[in-house]
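Colleague: Sharing query_32.cif here; it has mmCIF, C-alpha atoms and all ligand atoms.
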```cif
data_entry
#
loop_
_atom_site.group_PDB
_atom_site.id
_atom_site.type_symbol
_atom_site.label_atom_id
_atom_site.label_comp_id
_atom_site.auth_asym_id
_atom_site.auth_seq_id
_atom_site.Cartn_x
_atom_site.Cartn_y
_atom_site.Cartn_z
ATOM 1 C CA MET A 353 -41.925 -17.029 -12.141
ATOM 2 C CA LYS A 354 -43.013 -20.565 -12.864
ATOM 3 C CA VAL A 355 -41.585 -23.145 -10.469
ATOM 4 C CA GLU A 356 -40.047 -25.196 -13.295
ATOM 5 C CA LYS A 357 -38.081 -22.192 -14.528
ATOM 6 C CA TYR A 358 -37.159 -21.132 -11.007
ATOM 7 C CA LEU A 359 -35.730 -24.591 -10.258
ATOM 8 C CA SER A 360 -33.811 -24.849 -13.512
ATOM 9 C CA ARG A 361 -32.213 -21.447 -12.870
ATOM 10 C CA ILE A 362 -31.017 -22.590 -9.461
ATOM 11 C CA ILE A 363 -29.696 -25.829 -10.917
ATOM 12 C CA SER A 364 -27.716 -23.985 -13.585
ATOM 13 C CA ARG A 365 -26.434 -21.427 -11.091
ATOM 14 C CA ASP A 366 -25.545 -23.730 -8.169
ATOM 15 C CA GLY A 367 -25.079 -27.113 -9.817
ATOM 16 C CA ALA A 368 -28.069 -28.541 -7.951
ATOM 17 C CA ALA A 369 -30.993 -27.524 -5.775
ATOM 18 C CA HIS A 370 -32.227 -28.650 -2.377
ATOM 19 C CA LEU A 371 -35.877 -29.189 -1.506
ATOM 20 C CA THR A 372 -37.280 -29.700 1.973
ATOM 21 C CA LEU A 373 -40.094 -32.216 2.379
ATOM 22 C CA ILE A 374 -42.785 -31.577 4.963
ATOM 23 C CA ASP A 375 -45.329 -34.318 5.686
ATOM 24 C CA PRO A 376 -48.512 -32.662 7.011
ATOM 25 C CA ALA A 377 -49.220 -35.712 9.202
ATOM 26 C CA LYS A 378 -46.018 -35.334 11.179
ATOM 27 C CA GLN A 379 -46.483 -31.951 12.879
ATOM 28 C CA SER A 380 -48.988 -29.153 13.335
ATOM 29 C CA PRO A 381 -49.366 -26.541 10.581
ATOM 30 C CA LYS A 382 -47.731 -24.029 12.930
ATOM 31 C CA VAL A 383 -44.601 -26.169 13.291
ATOM 32 C CA ALA A 384 -44.634 -26.828 9.531
ATOM 33 C CA GLY A 385 -44.455 -23.062 9.072
ATOM 34 C CA GLU A 386 -41.468 -22.887 11.414
ATOM 35 C CA ILE A 387 -39.721 -25.662 9.490
ATOM 36 C CA ALA A 388 -40.307 -23.798 6.211
ATOM 37 C CA SER A 389 -38.933 -20.589 7.651
ATOM 38 C CA ASP A 390 -35.836 -22.409 8.955
ATOM 39 C CA ALA A 391 -35.387 -24.187 5.612
ATOM 40 C CA GLU A 392 -35.466 -20.884 3.762
ATOM 41 C CA ARG A 393 -32.939 -19.376 6.167
ATOM 42 C CA ALA A 394 -30.685 -22.396 5.626
ATOM 43 C CA GLY A 395 -30.710 -21.971 1.843
ATOM 44 C CA SER A 396 -33.219 -24.626 0.763
ATOM 45 C CA SER A 397 -34.852 -23.727 -2.572
ATOM 46 C CA GLY A 398 -38.406 -24.941 -2.088
ATOM 47 C CA ILE A 399 -40.844 -26.840 0.094
ATOM 48 C CA MET A 400 -42.468 -30.083 -0.933
ATOM 49 C CA VAL A 401 -45.662 -30.890 0.970
ATOM 50 C CA GLY A 402 -46.994 -34.424 1.012
ATOM 51 C CA GLY A 403 -46.821 -37.830 2.625
ATOM 52 C CA SER A 404 -47.865 -41.412 2.108
ATOM 53 C CA THR A 405 -50.709 -41.366 4.622
ATOM 54 C CA ARG A 406 -53.159 -38.841 6.082
ATOM 55 C CA ALA A 407 -51.754 -36.011 3.973
ATOM 56 C CA GLY A 408 -54.953 -34.599 2.514
ATOM 57 C CA GLY A 409 -57.965 -32.451 3.239
ATOM 58 C CA GLU A 410 -58.026 -29.679 5.797
ATOM 59 C CA LEU A 411 -54.709 -30.609 7.385
ATOM 60 C CA LEU A 412 -52.987 -30.386 4.002
ATOM 61 C CA ASP A 413 -54.599 -27.013 3.239
ATOM 62 C CA ARG A 414 -53.712 -25.589 6.635
ATOM 63 C CA THR A 415 -50.145 -26.864 6.329
ATOM 64 C CA VAL A 416 -49.655 -25.307 2.883
ATOM 65 C CA VAL A 417 -51.151 -22.001 4.064
ATOM 66 C CA ALA A 418 -48.857 -21.976 7.124
ATOM 67 C CA VAL A 419 -45.801 -22.752 4.992
ATOM 68 C CA LYS A 420 -46.659 -19.980 2.527
ATOM 69 C CA GLY A 421 -47.250 -17.577 5.382
ATOM 70 C CA CYS A 422 -43.848 -18.261 6.929
ATOM 71 C CA SER A 423 -41.580 -18.324 3.870
ATOM 72 C CA ASP A 424 -41.315 -17.061 0.312
ATOM 73 C CA LEU A 425 -40.218 -20.422 -1.024
ATOM 74 C CA PRO A 426 -42.415 -22.077 -3.656
ATOM 75 C CA VAL A 427 -44.607 -24.913 -2.404
ATOM 76 C CA ILE A 428 -44.728 -28.036 -4.540
ATOM 77 C CA LEU A 429 -47.277 -30.721 -3.728
ATOM 78 C CA PHE A 430 -45.909 -34.251 -3.451
ATOM 79 C CA PRO A 431 -49.125 -36.303 -3.465
ATOM 80 C CA ALA A 432 -49.573 -39.984 -2.707
ATOM 81 C CA SER A 433 -53.064 -39.895 -4.231
ATOM 82 C CA GLU A 434 -55.667 -37.460 -5.558
ATOM 83 C CA ALA A 435 -56.267 -36.467 -1.929
ATOM 84 C CA GLY A 436 -52.895 -34.718 -1.833
ATOM 85 C CA ILE A 437 -54.032 -31.697 -3.877
ATOM 86 C CA SER A 438 -54.360 -28.236 -2.334
ATOM 87 C CA LYS A 439 -55.390 -25.052 -4.096
ATOM 88 C CA HIS A 440 -52.978 -23.058 -1.941
ATOM 89 C CA ALA A 441 -49.802 -24.566 -3.433
ATOM 90 C CA ASP A 442 -47.808 -23.192 -6.364
ATOM 91 C CA ALA A 443 -47.121 -26.412 -8.240
ATOM 92 C CA ILE A 444 -47.601 -30.147 -8.095
ATOM 93 C CA PHE A 445 -45.321 -33.025 -8.923
ATOM 94 C CA PHE A 446 -47.759 -34.693 -11.302
ATOM 95 C CA MET A 447 -46.197 -38.040 -10.671
ATOM 96 C CA SER A 448 -46.642 -41.583 -11.837
ATOM 97 C CA MET A 449 -45.058 -44.395 -9.865
ATOM 98 C CA LEU A 450 -43.742 -46.272 -12.861
ATOM 99 C CA ASN A 451 -42.744 -49.359 -10.894
ATOM 100 C CA SER A 452 -46.002 -49.819 -9.001
ATOM 101 C CA ARG A 453 -47.889 -53.105 -9.367
ATOM 102 C CA ASP A 454 -51.156 -51.198 -9.033
ATOM 103 C CA PRO A 455 -52.443 -49.139 -11.986
ATOM 104 C CA TYR A 456 -54.033 -46.747 -9.490
ATOM 105 C CA PHE A 457 -50.570 -45.348 -8.681
ATOM 106 C CA ILE A 458 -49.502 -45.241 -12.340
ATOM 107 C CA SER A 459 -52.506 -43.501 -13.913
ATOM 108 C CA GLY A 460 -55.642 -43.958 -11.751
ATOM 109 C CA ALA A 461 -54.989 -41.322 -9.084
ATOM 110 C CA GLN A 462 -53.769 -38.995 -11.839
ATOM 111 C CA MET A 463 -57.051 -39.354 -13.720
ATOM 112 C CA LEU A 464 -59.006 -38.684 -10.512
ATOM 113 C CA GLY A 465 -56.954 -35.595 -9.653
ATOM 114 C CA ALA A 466 -56.337 -34.021 -13.050
ATOM 115 C CA HIS A 467 -59.439 -31.825 -13.192
ATOM 116 C CA LEU A 468 -58.734 -30.448 -9.736
ATOM 117 C CA VAL A 469 -55.183 -29.523 -10.760
ATOM 118 C CA ARG A 470 -56.661 -27.672 -13.733
ATOM 119 C CA LYS A 471 -59.353 -25.972 -11.655
ATOM 120 C CA TYR A 472 -56.827 -24.767 -9.083
ATOM 121 C CA LYS A 473 -54.420 -23.653 -11.845
ATOM 122 C CA LEU A 474 -51.563 -25.547 -10.235
ATOM 123 C CA GLU A 475 -48.383 -25.778 -12.292
ATOM 124 C CA ALA A 476 -48.088 -29.468 -13.123
ATOM 125 C CA LEU A 477 -44.557 -30.865 -13.264
ATOM 126 C CA PRO A 478 -44.693 -34.251 -15.046
ATOM 127 C CA MET A 479 -42.585 -36.666 -13.051
ATOM 128 C CA ALA A 480 -41.689 -40.340 -13.041
ATOM 129 C CA TYR A 481 -41.490 -41.677 -9.513
ATOM 130 C CA ILE A 482 -39.220 -44.699 -9.231
ATOM 131 C CA VAL A 483 -38.977 -46.420 -5.873
ATOM 132 C CA VAL A 484 -35.755 -48.186 -4.972
ATOM 133 C CA GLU A 485 -35.038 -50.604 -2.093
ATOM 134 C CA PRO A 486 -35.739 -50.295 0.805
ATOM 135 C CA GLY A 487 -38.582 -48.053 -0.382
ATOM 136 C CA GLY A 488 -40.162 -47.334 3.018
ATOM 137 C CA GLU A 489 -43.732 -46.210 3.387
ATOM 138 C CA ALA A 490 -43.845 -44.861 -0.179
ATOM 139 C CA GLY A 491 -42.969 -48.302 -1.517
ATOM 140 C CA ARG A 492 -45.460 -50.121 0.720
ATOM 141 C CA VAL A 493 -48.362 -47.765 0.181
ATOM 142 C CA GLY A 494 -47.659 -47.473 -3.552
ATOM 143 C CA LYS A 495 -47.285 -51.271 -3.961
ATOM 144 C CA ALA A 496 -43.941 -50.779 -5.653
ATOM 145 C CA GLU A 497 -42.028 -53.552 -7.341
ATOM 146 C CA LEU A 498 -38.916 -52.154 -5.664
ATOM 147 C CA ILE A 499 -35.797 -51.676 -7.779
ATOM 148 C CA PRO A 500 -33.077 -53.850 -6.183
ATOM 149 C CA ARG A 501 -30.102 -51.754 -5.086
ATOM 150 C CA ASP A 502 -27.753 -53.617 -7.414
ATOM 151 C CA LYS A 503 -29.974 -53.240 -10.490
ATOM 152 C CA SER A 504 -28.997 -49.797 -11.749
ATOM 153 C CA GLU A 505 -29.821 -50.845 -15.292
ATOM 154 C CA LEU A 506 -33.447 -51.408 -14.297
ATOM 155 C CA ALA A 507 -33.721 -47.887 -12.858
ATOM 156 C CA ALA A 508 -32.081 -46.552 -16.031
ATOM 157 C CA ALA A 509 -34.588 -48.419 -18.220
ATOM 158 C CA TYR A 510 -37.475 -46.868 -16.274
ATOM 159 C CA ALA A 511 -35.854 -43.441 -16.640
ATOM 160 C CA LEU A 512 -35.511 -43.934 -20.388
ATOM 161 C CA ALA A 513 -39.178 -44.926 -20.539
ATOM 162 C CA ALA A 514 -39.979 -41.732 -18.590
ATOM 163 C CA LYS A 515 -38.064 -39.683 -21.147
ATOM 164 C CA TYR A 516 -39.935 -41.256 -24.052
ATOM 165 C CA LEU A 517 -43.222 -40.731 -22.207
ATOM 166 C CA GLY A 518 -42.375 -37.023 -22.148
ATOM 167 C CA MET A 519 -41.775 -36.697 -18.429
ATOM 168 C CA LYS A 520 -39.530 -33.813 -17.518
ATOM 169 C CA LEU A 521 -38.498 -35.084 -14.117
ATOM 170 C CA VAL A 522 -37.393 -38.378 -12.638
ATOM 171 C CA TYR A 523 -37.429 -38.916 -8.880
ATOM 172 C CA LEU A 524 -35.322 -41.776 -7.512
ATOM 173 C CA GLU A 525 -36.804 -42.538 -4.093
ATOM 174 C CA ALA A 526 -35.293 -44.811 -1.436
ATOM 175 C CA GLY A 527 -38.152 -44.056 0.983
ATOM 176 C CA SER A 528 -38.355 -41.559 3.784
ATOM 177 C CA GLY A 529 -36.029 -42.498 6.625
ATOM 178 C CA ALA A 530 -34.278 -45.175 4.536
ATOM 179 C CA GLY A 531 -31.182 -46.696 6.138
ATOM 180 C CA MET A 532 -29.300 -46.179 2.887
ATOM 181 C CA PRO A 533 -29.971 -43.611 0.158
ATOM 182 C CA VAL A 534 -30.249 -44.480 -3.542
ATOM 183 C CA PRO A 535 -26.846 -45.956 -4.570
ATOM 184 C CA VAL A 536 -24.433 -43.555 -6.278
ATOM 185 C CA GLU A 537 -23.976 -46.042 -9.148
ATOM 186 C CA MET A 538 -27.707 -45.998 -9.798
ATOM 187 C CA VAL A 539 -27.796 -42.190 -9.903
ATOM 188 C CA LYS A 540 -24.913 -42.309 -12.426
ATOM 189 C CA ALA A 541 -26.662 -44.886 -14.597
ATOM 190 C CA VAL A 542 -29.879 -42.871 -14.692
ATOM 191 C CA ARG A 543 -28.018 -39.620 -15.366
ATOM 192 C CA LYS A 544 -26.363 -41.193 -18.408
ATOM 193 C CA ILE A 545 -29.707 -41.879 -19.993
ATOM 194 C CA PHE A 546 -31.999 -39.117 -18.716
ATOM 195 C CA ASP A 547 -31.335 -35.476 -19.514
ATOM 196 C CA GLY A 548 -34.300 -33.958 -17.633
ATOM 197 C CA THR A 549 -34.347 -32.964 -13.984
ATOM 198 C CA LEU A 550 -33.090 -35.792 -11.789
ATOM 199 C CA ILE A 551 -34.324 -35.735 -8.189
ATOM 200 C CA VAL A 552 -32.894 -38.028 -5.507
ATOM 201 C CA GLY A 553 -34.321 -38.499 -2.022
ATOM 202 C CA GLY A 554 -34.803 -40.861 0.875
ATOM 203 C CA GLY A 555 -32.259 -41.453 3.627
ATOM 204 C CA ILE A 556 -29.981 -38.528 2.792
ATOM 205 C CA ARG A 557 -28.806 -37.141 6.120
ATOM 206 C CA THR A 558 -25.279 -35.838 5.604
ATOM 207 C CA PRO A 559 -23.521 -33.289 3.375
ATOM 208 C CA LYS A 560 -21.320 -36.133 2.115
ATOM 209 C CA ALA A 561 -24.262 -38.289 1.011
ATOM 210 C CA ALA A 562 -25.823 -35.300 -0.761
ATOM 211 C CA LEU A 563 -22.567 -34.292 -2.453
ATOM 212 C CA GLU A 564 -21.846 -37.826 -3.720
ATOM 213 C CA ARG A 565 -25.255 -37.965 -5.380
ATOM 214 C CA VAL A 566 -24.906 -34.514 -6.935
ATOM 215 C CA ARG A 567 -21.493 -35.508 -8.288
ATOM 216 C CA ALA A 568 -23.147 -38.632 -9.714
ATOM 217 C CA GLY A 569 -25.620 -36.420 -11.574
ATOM 218 C CA ALA A 570 -28.518 -35.505 -9.280
ATOM 219 C CA ASP A 571 -30.032 -32.072 -9.974
ATOM 220 C CA VAL A 572 -32.171 -31.937 -6.857
ATOM 221 C CA ILE A 573 -31.625 -33.407 -3.399
ATOM 222 C CA VAL A 574 -34.666 -33.887 -1.171
ATOM 223 C CA THR A 575 -34.480 -34.214 2.592
ATOM 224 C CA GLY A 576 -37.355 -34.654 5.017
ATOM 225 C CA THR A 577 -36.414 -36.615 8.110
ATOM 226 C CA ILE A 578 -33.534 -34.363 9.157
ATOM 227 C CA VAL A 579 -35.876 -31.409 9.552
ATOM 228 C CA GLU A 580 -38.440 -33.402 11.484
ATOM 229 C CA LYS A 581 -36.028 -34.805 13.992
ATOM 230 C CA SER A 582 -33.297 -32.261 14.297
ATOM 231 C CA ALA A 583 -33.206 -29.728 17.078
ATOM 232 C CA ASP A 584 -30.758 -27.753 14.987
ATOM 233 C CA ARG A 585 -32.340 -28.113 11.607
ATOM 234 C CA VAL A 586 -30.975 -24.865 10.201
ATOM 235 C CA ALA A 587 -27.415 -26.144 10.602
ATOM 236 C CA ARG A 588 -28.308 -29.583 9.202
ATOM 237 C CA ILE A 589 -29.920 -28.142 6.077
ATOM 238 C CA ARG A 590 -27.249 -25.491 5.664
ATOM 239 C CA GLY A 591 -24.541 -28.158 5.718
ATOM 240 C CA ILE A 592 -26.248 -30.060 2.911
ATOM 241 C CA VAL A 593 -26.974 -26.927 0.863
ATOM 242 C CA ARG A 594 -23.347 -25.794 1.142
ATOM 243 C CA ALA A 595 -22.059 -29.201 0.080
ATOM 244 C CA ILE A 596 -24.342 -29.145 -2.967
ATOM 245 C CA ARG A 597 -23.215 -25.649 -3.969
ATOM 246 C CA ALA A 598 -19.579 -26.514 -3.441
ATOM 247 C CA SER A 599 -20.001 -29.226 -6.062
ATOM 248 C CA ALA A 600 -20.453 -26.493 -8.676
ATOM 249 C CA GLY A 601 -17.766 -24.292 -7.173
ATOM 250 C CA ALA A 602 -20.459 -21.716 -6.382
HETATM 251 C C1 LIG B 1 -39.120 -39.019 1.020
HETATM 252 O O1 LIG B 1 -37.231 -38.678 -0.328
HETATM 253 C C2 LIG B 1 -38.000 -38.103 0.667
HETATM 254 O O2 LIG B 1 -40.049 -39.032 -0.010
HETATM 255 C C3 LIG B 1 -37.220 -37.667 1.871
HETATM 256 O O3 LIG B 1 -36.645 -38.730 2.585
HETATM 257 O O4 LIG B 1 -37.212 -38.264 4.949
HETATM 258 O O5 LIG B 1 -35.332 -39.806 4.379
HETATM 259 O O6 LIG B 1 -35.108 -37.365 4.019
HETATM 260 P P1 LIG B 1 -36.036 -38.537 4.053
#
```
Here is the file; what I need is its structure written in the form of structure tokens.
Modeller:
Amino acid sequence: MKVEKYLSRIISRDGAAHLTLIDPAKQSPKVAGEIASDAERAGSSGIMVGGSTRAGGELLDRTVVAVKGCSDLPVILFPASEAGISKHADAIFFMSMLNSRDPYFISGAQMLGAHLVRKYKLEALPMAYIVVEPGGEAGRVGKAELIPRDKSELAAAYALAAKYLGMKLVYLEAGSGAGMPVPVEMVKAVRKIFDGTLIVGGGIRTPKAALERVRAGADVIVTGTIVEKSADRVARIRGIVRAIRASAGA
């Protein structure tokens, strides 16, 4: 089954989906495989592989292969540049950072990577990537003109532009390890205007934070840091997955 269809089925069944982000630079491929296996056991619906720095080449390939070997979850690439493409993945967030100041992150990297995506027959999921304060490494590396936390209408305007550009997904990103996730009001404002798949990530560490954003309209919650740092990652992910499902009464 195509990843897009797989995700939309989970969203209609459970109210929202959870994806686990693995940055290849942060652990060995072997440990990445263990994280993927734990994430699957905890009820996560897919693995995103990518990172803002050093997330390409052989390390990326070996990480994706290890993840695929240790779980049946689909692997979606989450690239920071054309270097973040691996033929071993199932799909790729073909993303444009709409609020970057640098055209490279809006359409340059996409032009450089497009033929490779075609050659590898990766399922391309067209996504607007919108980086919100504090933005973290993603914001710095991507030279984002960060959306201020109190400017929900600006995020909504970008999301509306994404819709008219034909993008099927919008990702509201506060940055990995952010002290505060994307504000609930901003998720609500974007939901009002964007009827595609709404992904929210960055700084979500608790079931409560995940649930609030699903209630505000998020279709997908992404967590990364909790699996990197937690000794008991199965319980941490499971808590978030259960909270998300409870939102739909599933
Ligand atoms: C980063 O949104 C993701 O791109 C995940 O963020 O590491 O804070 O969970 P965290």
Colleague: All residues within 6 Å of ligand LIG 1 (chain B) are required, counting only C-alpha atoms and all ligand atoms; please report them as a PyMOL selection string.
Modeller: chain A and resi 525+527-530+553-556+574-577
Colleague: So which residues touch Ile437 of chain A within 12 Å, counting only C-alpha atoms, skipping near sequence neighbours fewer than 6 positions away, as a PyMOL selection string?
Modeller: chain A and resi 401-403+407-413+415-416+427-431+443-446+461-462+464-476
Colleague: Filtering to C-alpha atoms, could you give me those residues as an mmCIF file, in the coordinates of the input?
Modeller:
```
data_model
loop_
_atom_site.group_PDB
_atom_site.id
_atom_site.type_symbol
_atom_site.label_atom_id
_atom_site.label_comp_id
_atom_site.auth_asym_id
_atom_site.auth_seq_id
_atom_site.Cartn_x
_atom_site.Cartn_y
_atom_site.Cartn_z
ATOM 1 C CA VAL A 401 -45.662 -30.890 0.970
ATOM 2 C CA GLY A 402 -46.994 -34.424 1.012
ATOM 3 C CA GLY A 403 -46.821 -37.830 2.625
ATOM 4 C CA ALA A 407 -51.754 -36.011 3.973
ATOM 5 C CA GLY A 408 -54.953 -34.599 2.514
ATOM 6 C CA GLY A 409 -57.965 -32.451 3.239
ATOM 7 C CA GLU A 410 -58.026 -29.679 5.797
ATOM 8 C CA LEU A 411 -54.709 -30.609 7.385
ATOM 9 C CA LEU A 412 -52.987 -30.386 4.002
ATOM 10 C CA ASP A 413 -54.599 -27.013 3.239
ATOM 11 C CA THR A 415 -50.145 -26.864 6.329
ATOM 12 C CA VAL A 416 -49.655 -25.307 2.883
ATOM 13 C CA VAL A 427 -44.607 -24.913 -2.404
ATOM 14 C CA ILE A 428 -44.728 -28.036 -4.540
ATOM 15 C CA LEU A 429 -47.277 -30.721 -3.728
ATOM 16 C CA PHE A 430 -45.909 -34.251 -3.451
ATOM 17 C CA PRO A 431 -49.125 -36.303 -3.465
ATOM 18 C CA ALA A 443 -47.121 -26.412 -8.240
ATOM 19 C CA ILE A 444 -47.601 -30.147 -8.095
ATOM 20 C CA PHE A 445 -45.321 -33.025 -8.923
ATOM 21 C CA PHE A 446 -47.759 -34.693 -11.302
ATOM 22 C CA ALA A 461 -54.989 -41.322 -9.084
ATOM 23 C CA GLN A 462 -53.769 -38.995 -11.839
ATOM 24 C CA LEU A 464 -59.006 -38.684 -10.512
ATOM 25 C CA GLY A 465 -56.954 -35.595 -9.653
ATOM 26 C CA ALA A 466 -56.337 -34.021 -13.050
ATOM 27 C CA HIS A 467 -59.439 -31.825 -13.192
ATOM 28 C CA LEU A 468 -58.734 -30.448 -9.736
ATOM 29 C CA VAL A 469 -55.183 -29.523 -10.760
ATOM 30 C CA ARG A 470 -56.661 -27.672 -13.733
ATOM 31 C CA LYS A 471 -59.353 -25.972 -11.655
ATOM 32 C CA TYR A 472 -56.827 -24.767 -9.083
ATOM 33 C CA LYS A 473 -54.420 -23.653 -11.845
ATOM 34 C CA LEU A 474 -51.563 -25.547 -10.235
ATOM 35 C CA GLU A 475 -48.383 -25.778 -12.292
ATOM 36 C CA ALA A 476 -48.088 -29.468 -13.123
#
```
Colleague: Counting only C-alpha atoms, which residue out of A:Tyr358, A:Gly367, A:Lys520, A:Ser404 sits closest to Glu434 of chain A?
Modeller: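 Among the listed residues, A:Ser404 lies closest to Glu434 of chain A.
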Colleague: Can you tell me which residues surround Glu537 of chain A at a distance of at most 7 Å, considering only C-alpha atoms, apart from same-chain residues fewer than 3 positions away, and format the answer as a list in words?
Modeller: Ser504, Lys540 and Ala541 of chain A
Colleague: Each side padded by 4 Å, which centre and which edge lengths in Å (one decimal) define the axis-aligned box around the listed atoms of segment 563-573 of chain A? Give them as lines of an AutoDock Vina configuration file.
Modeller:
```
center_x = -26.8
center_y = -35.3
center_z = -7.0
size_x = 18.7
size_y = 14.7
size_z = 17.1
```
Colleague: Pick the closest to Phe457 of chain A from A:Lys420, A:Arg567, A:Lys495, A:Lys515: which is it, counting only C-alpha atoms?
Modeller: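 Looking at the shortest contact to Phe457 of chain A, the residue is A:Lys495.
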Colleague: Between atom CA of Glu580 of chain A and atom CA of Leu550 of chain A, measure the distance and give it in Å to one decimal.
Modeller: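 Those two atoms sit 24.0 Å apart.
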Colleague: Could you check how far atom CA of Ile482 of chain A sits from atom CA of Ala598 of chain A, in Å to one decimal?
Modeller: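 According to the coordinates, atom CA of Ile482 of chain A and atom CA of Ala598 of chain A are separated by 27.4 Å.
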Colleague: To one decimal in Å, tell me the separation between atom CA of Val593 of chain A and atom CA of Ser364 of chain A.
Modeller: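 The value is 14.8 Å.
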Colleague: Please provide as a ChimeraX atom specification all residues within 12 Å of Leu563 of chain A, with the sequence filter that same-chain residues fewer than 5 positions apart are discarded (counting only C-alpha atoms).
Modeller: /A:367-370,536,552,556-558,568-573,591-600
Colleague: Run the PyMOL selection byres (((chain A and resi 383) around 12) and not hetatm) mentally over the shown coordinates, then write out the matched residues as a VMD selection string, using the chain letters and numbers from the document.
Modeller: chain A and resid 374 to 382 384 to 390 414 to 416 418 to 419 421 to 422 579 to 580
Colleague: Taking into account only C-alpha atoms, which residue in the set A:Ser459, A:Met519, A:Ala526, A:Ile399 is nearest to Glu489 of chain A?
Modeller: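 For Glu489 of chain A, the nearest of the given residues is A:Ala526.
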Colleague: Which one is closest to Val522 of chain A: A:Gly436, A:Gly487, A:Pro478, A:Pro535? Count only C-alpha atoms.
Modeller: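 Among A:Gly436, A:Gly487, A:Pro478, A:Pro535, it is A:Pro478 that comes nearest to Val522 of chain A.
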Colleague: So, counting only C-alpha atoms, which residue among A:Ala583, A:Val417, A:Val483, A:Ile363 is closest to Ala507 of chain A?
Modeller: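 Smallest separation from Ala507 of chain A among the options: A:Val483.
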Colleague: Given the file shown, enumerate the residues that the PyMOL selection byres (((chain A and resi 517) around 12) and not hetatm) captures and present them as a ChimeraX atom specification.
Modeller: /A:448,450,478-480,510-516,518-522,546
